[in-house]
$ cat model_27.txt   # compact mmCIF, C-alpha atoms
# COMPACT_ATOMS: atom_id res chain seq x y z
CA MET X 12 17.33 -13.88 -3.00
CA THR X 13 14.15 -15.33 -1.56
CA ASP X 14 10.87 -15.07 -3.38
CA LEU X 15 8.55 -12.54 -1.81
CA SER X 16 4.80 -12.58 -2.24
CA PRO X 17 3.32 -9.80 -4.38
CA ARG X 18 1.91 -8.11 -1.23
CA GLN X 19 5.25 -8.28 0.58
CA HIS X 20 6.92 -6.82 -2.50
CA GLU X 21 4.33 -4.03 -2.74
CA CYS X 22 4.64 -3.17 0.96
CA LEU X 23 8.42 -2.96 0.71
CA ARG X 24 8.14 -0.86 -2.46
CA LEU X 25 6.04 1.70 -0.58
CA VAL X 26 8.54 1.67 2.29
CA TRP X 27 11.38 2.26 -0.19
CA GLU X 28 9.75 4.89 -2.42
CA ARG X 29 7.69 6.86 0.10
CA GLN X 30 9.19 5.90 3.48
CA ALA X 31 5.56 5.08 4.25
CA THR X 32 4.36 3.92 7.64
CA SER X 33 2.27 0.78 8.05
CA LYS X 34 -0.85 2.91 8.43
CA GLU X 35 -0.12 4.77 5.19
CA ILE X 36 0.61 1.51 3.33
CA ALA X 37 -2.64 0.02 4.66
CA GLY X 38 -4.57 3.02 3.30
CA VAL X 39 -2.94 2.73 -0.15
CA LEU X 40 -3.45 -1.03 -0.44
CA GLY X 41 -6.86 -1.13 1.24
CA ILE X 42 -5.83 -3.63 3.93
CA SER X 43 -5.42 -3.40 7.71
CA LYS X 44 -2.34 -2.04 9.43
CA SER X 45 -1.74 -5.34 11.22
CA THR X 46 -1.80 -7.18 7.88
CA VAL X 47 0.82 -4.77 6.51
CA ASP X 48 2.94 -5.32 9.63
CA GLY X 49 2.67 -9.08 9.08
CA TYR X 50 3.73 -8.87 5.43
CA ILE X 51 6.69 -6.66 6.30
CA ALA X 52 7.76 -8.81 9.25
CA GLU X 53 7.71 -11.94 7.05
CA ALA X 54 9.72 -10.16 4.34
CA VAL X 55 12.29 -8.92 6.88
CA GLU X 56 12.71 -12.46 8.18
CA GLN X 57 12.94 -14.03 4.71
CA LEU X 58 15.57 -11.51 3.61
CA GLY X 59 17.54 -11.64 6.86
CA ALA X 60 17.28 -7.86 7.13
CA ARG X 61 17.66 -5.76 10.27
CA ASP X 62 14.42 -3.84 9.78
CA ARG X 63 11.87 -2.74 7.18
CA ARG X 64 14.12 -0.11 5.60
CA ASP X 65 16.98 -2.58 5.30
CA ALA X 66 14.63 -5.12 3.68
CA ALA X 67 13.40 -2.50 1.21
CA ALA X 68 17.00 -1.55 0.42
CA ILE X 69 17.87 -5.19 -0.23
CA VAL X 70 15.01 -5.54 -2.71
CA PHE X 71 14.98 -2.10 -4.36
CA GLY X 72 18.21 -0.36 -3.44
CA ASN X 73 21.04 0.08 -5.87
CA THR X 74 23.49 -1.05 -3.22
CA PRO X 75 26.06 -3.88 -3.30
CA ARG X 76 23.94 -5.82 -0.82
CA ALA X 77 20.83 -5.44 -2.98
CA MET X 78 22.66 -6.62 -6.07
CA SER X 79 24.47 -9.52 -4.42
CA GLY X 80 21.99 -10.50 -1.74
CA GLY X 81 24.92 -10.61 0.70
CA ASP X 82 26.17 -8.53 3.56
CA ALA X 83 27.11 -5.03 2.42
CA ALA X 84 29.91 -4.86 5.00
CA ARG X 85 31.75 -7.62 3.13
CA VAL X 86 31.18 -6.10 -0.30
CA ALA X 87 31.95 -2.41 0.13
CA PRO X 88 34.05 -0.53 2.66
CA PRO X 89 32.18 1.71 5.07
CA ALA X 90 31.67 5.27 3.91
CA GLU X 91 34.03 7.95 5.15
CA PRO X 92 32.46 10.27 7.71
CA GLU X 93 31.61 13.67 6.31
CA ALA X 94 33.43 16.75 7.52
CA PRO X 95 31.24 18.93 9.73
CA SER X 96 29.49 21.59 7.70
CA GLU X 97 29.67 25.28 8.48
CA LEU X 98 26.05 25.17 9.63
CA SER X 99 26.67 22.36 12.10
CA MET X 100 29.69 24.17 13.52
CA GLN X 101 27.64 27.27 14.38
CA ARG X 102 26.51 27.63 17.97
CA SER X 103 22.97 26.42 18.41
CA ALA X 104 20.31 28.58 19.98
CA PRO X 105 19.50 27.97 23.64
CA VAL X 106 16.82 25.40 24.28
CA ARG X 107 13.68 26.98 25.64
CA PRO X 108 10.66 25.10 26.96
CA TRP X 109 8.13 26.97 24.85
CA ARG X 110 7.15 26.44 21.22
CA THR X 111 8.86 28.38 18.45
CA ALA X 112 8.47 28.48 14.68
CA GLU X 113 11.56 26.28 14.30
CA ARG X 114 10.49 23.87 17.03
CA PRO X 115 6.68 23.56 17.16
CA ARG X 116 6.76 20.47 19.41
CA ASN X 117 8.36 19.74 22.75
CA THR X 118 11.75 18.22 22.02
CA LEU X 119 13.39 18.68 25.41
CA THR X 120 15.33 15.78 26.86
CA PHE X 121 14.63 14.54 30.37
CA ALA X 122 17.68 16.38 31.73
CA GLN X 123 16.60 19.64 30.05
CA THR X 124 13.10 19.27 31.49
CA VAL X 125 14.49 18.71 35.01
CA GLY X 126 16.77 21.72 34.55
CA TRP X 127 13.86 23.98 33.58
CA ILE X 128 11.84 22.71 36.54
CA ALA X 129 14.73 23.68 38.83
CA VAL X 130 15.04 27.14 37.23
CA ILE X 131 11.30 27.74 37.62
CA ALA X 132 11.29 26.49 41.23
CA ILE X 133 14.23 28.72 42.23
CA GLY X 134 12.73 31.71 40.43
CA SER X 135 9.41 31.15 42.20
CA LEU X 136 11.13 31.02 45.60
CA VAL X 137 12.98 34.26 44.87
CA ALA X 138 9.76 35.96 43.75
CA LEU X 139 7.88 34.74 46.84
CA SER X 140 10.61 35.92 49.21
CA LEU X 141 10.68 39.33 47.49
CA ALA X 142 6.91 39.60 47.77
CA ALA X 143 7.04 38.65 51.44
CA SER X 144 9.72 41.24 52.17
CA LEU X 145 7.74 43.93 50.33
CA GLY X 146 4.69 42.99 52.36
CA GLN X 147 6.63 43.78 55.55
CA GLY X 148 7.91 47.05 54.18
CA LEU X 149 10.90 47.90 52.06
CA PRO X 150 14.29 46.72 53.31
CA ARG X 151 16.45 49.48 54.83
CA ILE X 152 18.87 49.50 51.90
CA VAL X 153 16.12 50.16 49.34
CA VAL X 154 14.54 53.15 51.16
CA PRO X 155 17.36 55.65 50.38
CA VAL X 156 17.39 54.55 46.74
CA VAL X 157 13.62 55.07 46.42
CA GLN X 158 13.90 58.49 48.13
CA GLY X 159 16.71 59.53 45.74
CA VAL X 160 14.71 58.50 42.68
CA HIS X 161 11.70 60.36 44.08
CA ARG X 162 13.75 63.57 44.52
CA LEU X 163 15.13 63.31 40.95
CA THR X 164 11.72 62.88 39.38
CA HIS X 165 10.07 65.81 41.25
$ encode --input "model_27.txt" --output "structure tokens"
Amino acid sequence: MTDLSPRQHECLRLVWERQATSKEIAGVLGISKSTVDGYIAEAVEQLGARDRRDAAAIVFGNTPRAMSGGDAARVAPPAEPEAPSELSMQRSAPVRPWRTAERPRNTLTFAQTVGWIAVIAIGSLVALSLAASLGQGLPRIVVPVVQGVHRLTH
């Protein structure tokens, strides 16, 4: 395994232990975010890792790759996929475009956003056409219904 500088080692330790971002690491170590990014990028390159988490796993993880310094795919077979849990098999709630306690931020996909825009546009057209027809008087089919309700209530 390649020798990492103490700063590279410390940055990767914070990535491993806290899943810290570069900004958080910079605050802990008292250096700039770009310096942290540089240390991590150098460490990733030296270790031949895919990304910062992979580099941290190589150095600190208790994985076959961390212990051997080699490719984990050659050392251990891939893990078996887990069976779907009862929770994941339940039907999910419909996606709504407003905030909820479970979803405080907008997490709609592009397709969901376009779908909601279409629903709102069609609903607006229906509401406008209803308002226009009411402005010209009630349609002939509604008049007997309104008269019948009026007779029942009086």
$ closest_residue --input "model_27.txt" --among "X:Trp127, X:Val160, X:Trp27, X:Cys22" --to "Lys44 (chain X)" --atoms "only C-alpha atoms"
X:Cys22
$ atom_distance --input "model_27.txt" --atom1 "CA of Leu25 (chain X)" --atom2 "CA of Leu58 (chain X)"
16.8 Å
$ atom_distance --input "model_27.txt" --atom1 "CA of Gln19 (chain X)" --atom2 "CA of Ala52 (chain X)"
9.0 Å
$ axis_aligned_box --input "model_27.txt" --around "region 27-45 of chain X" --padding-each-side "6 Å" --output "lines of an AutoDock Vina configuration file"
center_x = 2.3
center_y = 0.8
center_z = 4.4
size_x = 30.2
size_y = 24.2
size_z = 25.6
$ atom_distance --input "model_27.txt" --atom1 "CA of Ile69 (chain X)" --atom2 "CA of Val39 (chain X)"
22.3 Å
$ residues_around --input "model_27.txt" --residues "Tyr50 (chain X)" --least-positions-apart "3" --cutoff "10 Å" --atoms "only C-alpha atoms" --output "count of residues only"
16
$ closest_residue --input "model_27.txt" --among "X:Ile128, X:Thr120, X:Gln30, X:Ala143" --to "Asp65 (chain X)" --atoms "all atoms listed in the file"
X:Gln30
$ residues_around --input "model_27.txt" --residues "Phe71 (chain X)" --least-positions-apart "4" --cutoff "9 Å" --atoms "all atoms listed in the file" --output "PyMOL selection string"
chain X and resi 23-24+27-28+66-67+77
